[in-house]
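This report refers to the structure that appears directly beneath it.
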Amino acid sequence: MLNGIRIIEVEGLGPGPFAGMLLADLGADVIVVHRKGGNPTPGVPDKPLLDRGKRSIALDLKDPEDKATFLQLATTADGLIEGFRPGVMEKLGLGPEDLHALNPRLA
(Lines give C-alpha, C1' and ligand atoms only; values in the text may rest on other atoms or scores of the structure.)
Protein backbone atom coordinates (compact mmCIF):
# COMPACT_ATOMS: atom_id res chain seq x y z
CA MET A 1 0.00 0.00 0.00
CA LEU A 2 2.82 2.45 0.91
CA ASN A 3 5.45 0.86 -1.34
CA GLY A 4 7.94 3.45 -2.57
CA ILE A 5 7.50 5.73 0.46
CA ARG A 6 10.58 6.24 2.66
CA ILE A 7 10.27 7.43 6.26
CA ILE A 8 13.19 8.38 8.51
CA GLU A 9 12.41 7.84 12.20
CA VAL A 10 14.69 9.32 14.83
CA GLU A 11 14.64 6.93 17.79
CA GLY A 12 12.47 8.11 20.61
CA LEU A 13 9.71 7.22 23.01
CA GLY A 14 5.98 7.54 22.79
CA PRO A 15 3.92 7.30 19.64
CA GLY A 16 6.79 7.83 17.14
CA PRO A 17 8.15 4.26 17.11
CA PHE A 18 4.62 2.84 16.99
CA ALA A 19 3.71 5.08 14.05
CA GLY A 20 6.90 3.99 12.26
CA MET A 21 6.05 0.34 12.85
CA LEU A 22 2.55 0.80 11.43
CA LEU A 23 3.93 2.58 8.36
CA ALA A 24 6.42 -0.28 7.87
CA ASP A 25 3.57 -2.79 8.23
CA LEU A 26 1.77 -0.92 5.43
CA GLY A 27 4.79 -1.25 3.15
CA ALA A 28 6.77 1.95 3.72
CA ASP A 29 10.55 1.75 3.84
CA VAL A 30 11.19 2.94 7.41
CA ILE A 31 14.75 3.63 8.54
CA VAL A 32 15.10 4.18 12.28
CA VAL A 33 18.08 6.21 13.47
CA HIS A 34 19.25 4.74 16.78
CA ARG A 35 21.63 6.50 19.15
CA LYS A 36 25.19 5.37 18.51
CA GLY A 37 26.62 3.62 21.54
CA GLY A 38 23.27 3.46 23.31
CA ASN A 39 23.21 1.09 26.25
CA PRO A 40 20.88 -1.87 25.82
CA THR A 41 18.15 -2.12 28.40
CA PRO A 42 18.49 -5.27 30.54
CA GLY A 43 15.79 -7.83 29.80
CA VAL A 44 14.81 -6.19 26.50
CA PRO A 45 15.46 -8.11 23.28
CA ASP A 46 18.32 -6.93 21.04
CA LYS A 47 15.79 -5.68 18.51
CA PRO A 48 12.79 -3.90 20.06
CA LEU A 49 9.34 -5.07 18.98
CA LEU A 50 8.51 -1.60 17.68
CA ASP A 51 11.40 -1.93 15.16
CA ARG A 52 9.47 -4.65 13.35
CA GLY A 53 9.80 -4.23 9.59
CA LYS A 54 12.24 -1.33 9.86
CA ARG A 55 15.84 -0.97 8.80
CA SER A 56 18.14 0.75 11.25
CA ILE A 57 21.32 2.77 11.49
CA ALA A 58 23.19 4.01 14.57
CA LEU A 59 24.25 7.66 14.42
CA ASP A 60 25.42 10.35 16.81
CA LEU A 61 23.63 13.43 15.47
CA LYS A 62 26.17 15.69 17.23
CA ASP A 63 29.06 14.14 15.28
CA PRO A 64 29.66 16.00 11.97
CA GLU A 65 30.20 12.82 9.92
CA ASP A 66 27.11 11.13 11.34
CA LYS A 67 25.11 14.32 10.86
CA ALA A 68 26.19 14.35 7.20
CA THR A 69 24.99 10.74 6.88
CA PHE A 70 21.65 11.72 8.41
CA LEU A 71 21.31 14.66 6.02
CA GLN A 72 22.05 12.36 3.09
CA LEU A 73 19.29 10.02 4.30
CA ALA A 74 16.93 12.98 4.67
CA THR A 75 17.39 13.87 0.99
CA THR A 76 15.91 10.48 0.06
CA ALA A 77 12.95 10.57 2.47
CA ASP A 78 9.29 11.39 2.01
CA GLY A 79 8.65 11.90 5.71
CA LEU A 80 10.37 12.24 9.09
CA ILE A 81 9.26 11.11 12.53
CA GLU A 82 11.01 12.49 15.61
CA GLY A 83 9.80 12.79 19.16
CA PHE A 84 12.34 15.02 20.86
CA ARG A 85 11.36 17.94 23.08
CA PRO A 86 10.65 21.13 21.14
CA GLY A 87 13.83 22.79 19.94
CA VAL A 88 16.16 19.77 20.13
CA MET A 89 16.27 19.07 16.39
CA GLU A 90 16.66 22.81 15.73
CA LYS A 91 19.69 22.96 18.07
CA LEU A 92 21.22 20.10 16.08
CA GLY A 93 20.66 22.03 12.85
CA LEU A 94 18.07 19.44 11.80
CA GLY A 95 14.86 21.37 12.38
CA PRO A 96 11.93 21.51 9.96
CA GLU A 97 13.25 24.59 8.13
CA ASP A 98 16.73 23.08 7.74
CA LEU A 99 15.48 19.74 6.43
CA HIS A 100 12.70 21.19 4.26
CA ALA A 101 15.27 23.46 2.56
CA LEU A 102 17.33 20.33 1.82
CA ASN A 103 14.35 18.22 0.73
CA PRO A 104 11.04 20.01 0.01
CA ARG A 105 9.22 16.62 -0.24
CA LEU A 106 9.59 16.05 3.50
CA ALA A 107 6.25 16.06 5.23
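Lettering and numbering for the C-alpha coordinates are positional, with chains as A, B, ... in the shown order, residues counted from 1 in each chain, and ligands counted from 1 in the shown order.
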DSSP-assigned alpha helix (DSSP H) members of chain A, reported as a ChimeraX atom specification:
/A:15-25,64-75,88-91,96-102
Can you write just those residues out, N, CA and C atoms, as a short mmCIF file (atom, residue, chain, number, x, y, z; two decimals), in the first residue's frame?
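That gives us out.cif:
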data_model
loop_
_atom_site.label_atom_id
_atom_site.label_comp_id
_atom_site.auth_asym_id
_atom_site.auth_seq_id
_atom_site.Cartn_x
_atom_site.Cartn_y
_atom_site.Cartn_z
N PRO A 15 4.62 7.80 20.82
CA PRO A 15 3.92 7.30 19.64
C PRO A 15 4.78 7.20 18.38
N GLY A 16 5.95 7.85 18.34
CA GLY A 16 6.79 7.83 17.14
C GLY A 16 7.17 6.43 16.67
N PRO A 17 7.77 5.60 17.54
CA PRO A 17 8.15 4.26 17.11
C PRO A 17 6.95 3.40 16.69
N PHE A 18 5.83 3.60 17.35
CA PHE A 18 4.62 2.84 16.99
C PHE A 18 4.13 3.27 15.61
N ALA A 19 4.13 4.58 15.36
CA ALA A 19 3.71 5.08 14.05
C ALA A 19 4.63 4.54 12.95
N GLY A 20 5.95 4.54 13.22
CA GLY A 20 6.90 3.99 12.26
C GLY A 20 6.65 2.53 11.98
N MET A 21 6.34 1.76 13.03
CA MET A 21 6.05 0.34 12.85
C MET A 21 4.81 0.13 11.99
N LEU A 22 3.77 0.93 12.23
CA LEU A 22 2.55 0.80 11.43
C LEU A 22 2.81 1.16 9.97
N LEU A 23 3.60 2.21 9.74
CA LEU A 23 3.93 2.58 8.36
C LEU A 23 4.73 1.47 7.68
N ALA A 24 5.66 0.85 8.42
CA ALA A 24 6.42 -0.28 7.87
C ALA A 24 5.50 -1.46 7.57
N ASP A 25 4.53 -1.71 8.46
CA ASP A 25 3.57 -2.79 8.23
C ASP A 25 2.76 -2.55 6.96
N PRO A 64 29.82 15.46 13.32
CA PRO A 64 29.66 16.00 11.97
C PRO A 64 29.53 14.95 10.86
N GLU A 65 30.30 13.87 10.95
CA GLU A 65 30.20 12.82 9.92
C GLU A 65 28.85 12.11 9.98
N ASP A 66 28.40 11.79 11.19
CA ASP A 66 27.11 11.13 11.34
C ASP A 66 25.97 12.06 10.95
N LYS A 67 26.13 13.35 11.26
CA LYS A 67 25.11 14.32 10.86
C LYS A 67 25.02 14.39 9.34
N ALA A 68 26.17 14.34 8.66
CA ALA A 68 26.19 14.35 7.20
C ALA A 68 25.48 13.11 6.64
N THR A 69 25.68 11.97 7.29
CA THR A 69 24.99 10.74 6.88
C THR A 69 23.49 10.91 7.04
N PHE A 70 23.07 11.48 8.18
CA PHE A 70 21.65 11.72 8.41
C PHE A 70 21.07 12.65 7.34
N LEU A 71 21.80 13.72 7.03
CA LEU A 71 21.31 14.66 6.02
C LEU A 71 21.19 13.99 4.65
N GLN A 72 22.12 13.10 4.35
CA GLN A 72 22.05 12.36 3.09
C GLN A 72 20.80 11.48 3.08
N LEU A 73 20.51 10.81 4.20
CA LEU A 73 19.29 10.02 4.30
C LEU A 73 18.05 10.90 4.12
N ALA A 74 18.08 12.07 4.73
CA ALA A 74 16.93 12.98 4.67
C ALA A 74 16.62 13.41 3.24
N THR A 75 17.64 13.47 2.38
CA THR A 75 17.39 13.87 0.99
C THR A 75 16.61 12.82 0.23
N VAL A 88 14.98 20.63 20.15
CA VAL A 88 16.16 19.77 20.13
C VAL A 88 16.69 19.59 18.71
N MET A 89 15.82 19.26 17.78
CA MET A 89 16.27 19.07 16.39
C MET A 89 16.80 20.39 15.82
N GLU A 90 16.19 21.50 16.20
CA GLU A 90 16.66 22.81 15.73
C GLU A 90 18.08 23.09 16.24
N LYS A 91 18.35 22.76 17.51
CA LYS A 91 19.69 22.96 18.07
C LYS A 91 20.74 22.11 17.35
N PRO A 96 12.78 21.56 11.15
CA PRO A 96 11.93 21.51 9.96
C PRO A 96 12.41 22.43 8.83
N GLU A 97 12.80 23.65 9.17
CA GLU A 97 13.25 24.59 8.13
C GLU A 97 14.53 24.10 7.47
N ASP A 98 15.47 23.58 8.28
CA ASP A 98 16.73 23.08 7.74
C ASP A 98 16.50 21.91 6.78
N LEU A 99 15.68 20.94 7.23
CA LEU A 99 15.48 19.74 6.43
C LEU A 99 14.59 20.01 5.22
N HIS A 100 13.59 20.87 5.38
CA HIS A 100 12.70 21.19 4.26
C HIS A 100 13.47 21.94 3.16
N ALA A 101 14.44 22.78 3.55
CA ALA A 101 15.27 23.46 2.56
C ALA A 101 16.12 22.46 1.77
N LEU A 102 16.52 21.38 2.44
CA LEU A 102 17.33 20.33 1.82
C LEU A 102 16.47 19.42 0.94
#
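Taking the backbone of this structure through DSSP, the residues of region 28-104 of chain A that come out as strand (DSSP E or B) are Asp29, Val30, Ile31, Val32, Val33, His34, Arg35, Arg55, Ser56, Ile57, Ala58, Leu59, Gly79, Leu80 and Ile81 of chain A.
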For the residues selected in the previous step, produce a file with N, CA and C atoms as an mmCIF file, in the first residue's frame.
data_model
loop_
_atom_site.group_PDB
_atom_site.id
_atom_site.type_symbol
_atom_site.label_atom_id
_atom_site.label_comp_id
_atom_site.auth_asym_id
_atom_site.auth_seq_id
_atom_site.Cartn_x
_atom_site.Cartn_y
_atom_site.Cartn_z
ATOM 1 N N ASP A 29 9.160 2.032 3.490
ATOM 2 C CA ASP A 29 10.552 1.754 3.843
ATOM 3 C C ASP A 29 10.894 2.686 5.002
ATOM 4 N N VAL A 30 10.936 2.144 6.217
ATOM 5 C CA VAL A 30 11.193 2.944 7.411
ATOM 6 C C VAL A 30 12.610 2.665 7.889
ATOM 7 N N ILE A 31 13.381 3.746 8.029
ATOM 8 C CA ILE A 31 14.753 3.634 8.537
ATOM 9 C C ILE A 31 14.785 4.350 9.880
ATOM 10 N N VAL A 32 15.045 3.585 10.936
ATOM 11 C CA VAL A 32 15.098 4.176 12.276
ATOM 12 C C VAL A 32 16.548 4.520 12.600
ATOM 13 N N VAL A 33 16.749 5.735 13.089
ATOM 14 C CA VAL A 33 18.077 6.207 13.475
ATOM 15 C C VAL A 33 18.213 6.017 14.984
ATOM 16 N N HIS A 34 18.996 5.008 15.369
ATOM 17 C CA HIS A 34 19.245 4.736 16.781
ATOM 18 C C HIS A 34 20.423 5.572 17.260
ATOM 19 N N ARG A 35 20.500 5.781 18.558
ATOM 20 C CA ARG A 35 21.631 6.502 19.148
ATOM 21 C C ARG A 35 22.865 5.606 19.104
ATOM 22 N N ARG A 55 14.379 -0.872 8.871
ATOM 23 C CA ARG A 55 15.836 -0.967 8.799
ATOM 24 C C ARG A 55 16.373 0.011 9.827
ATOM 25 N N SER A 56 17.628 -0.152 10.225
ATOM 26 C CA SER A 56 18.143 0.752 11.253
ATOM 27 C C SER A 56 19.587 1.130 10.981
ATOM 28 N N ILE A 57 19.961 2.263 11.552
ATOM 29 C CA ILE A 57 21.321 2.766 11.487
ATOM 30 C C ILE A 57 21.585 3.463 12.817
ATOM 31 N N ALA A 58 22.811 3.344 13.314
ATOM 32 C CA ALA A 58 23.188 4.008 14.567
ATOM 33 C C ALA A 58 24.028 5.232 14.241
ATOM 34 N N LEU A 59 23.554 6.398 14.681
ATOM 35 C CA LEU A 59 24.246 7.656 14.423
ATOM 36 C C LEU A 59 24.281 8.511 15.677
ATOM 37 N N GLY A 79 9.174 11.447 4.431
ATOM 38 C CA GLY A 79 8.654 11.901 5.714
ATOM 39 C C GLY A 79 9.658 11.644 6.822
ATOM 40 N N LEU A 80 9.485 12.353 7.930
ATOM 41 C CA LEU A 80 10.374 12.241 9.086
ATOM 42 C C LEU A 80 9.530 12.163 10.346
ATOM 43 N N ILE A 81 9.900 11.240 11.219
ATOM 44 C CA ILE A 81 9.264 11.106 12.532
ATOM 45 C C ILE A 81 10.333 11.349 13.574
#
For Asn3 (chain A), find every residue with an atom within 8 Å (counting only C-alpha atoms), except residues of its own chain fewer than 2 positions away, and show them as a ChimeraX atom specification. /A:1,5,26-29
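Atom to atom, CA of Glu82 (chain A) and CA of Pro48 (chain A) stand 17.1 Å apart.
Rounded to one decimal, CA of Gly53 (chain A) and CA of Gly93 (chain A) lie 28.6 Å from each other.
The coordinates place CA of Lys47 (chain A) at 28.6 Å from CA of Gly87 (chain A).
Nearest residue to Arg6 (chain A), choosing from A:Asp46, A:Asp63, A:Asp78, A:Asp51 and counting only C-alpha atoms: A:Asp78.
Compared by their closest atoms to Lys54 (chain A), and using only C-alpha atoms, the residues A:Lys36, A:Phe84, A:Pro104, A:Glu9 rank with A:Glu9 nearest.
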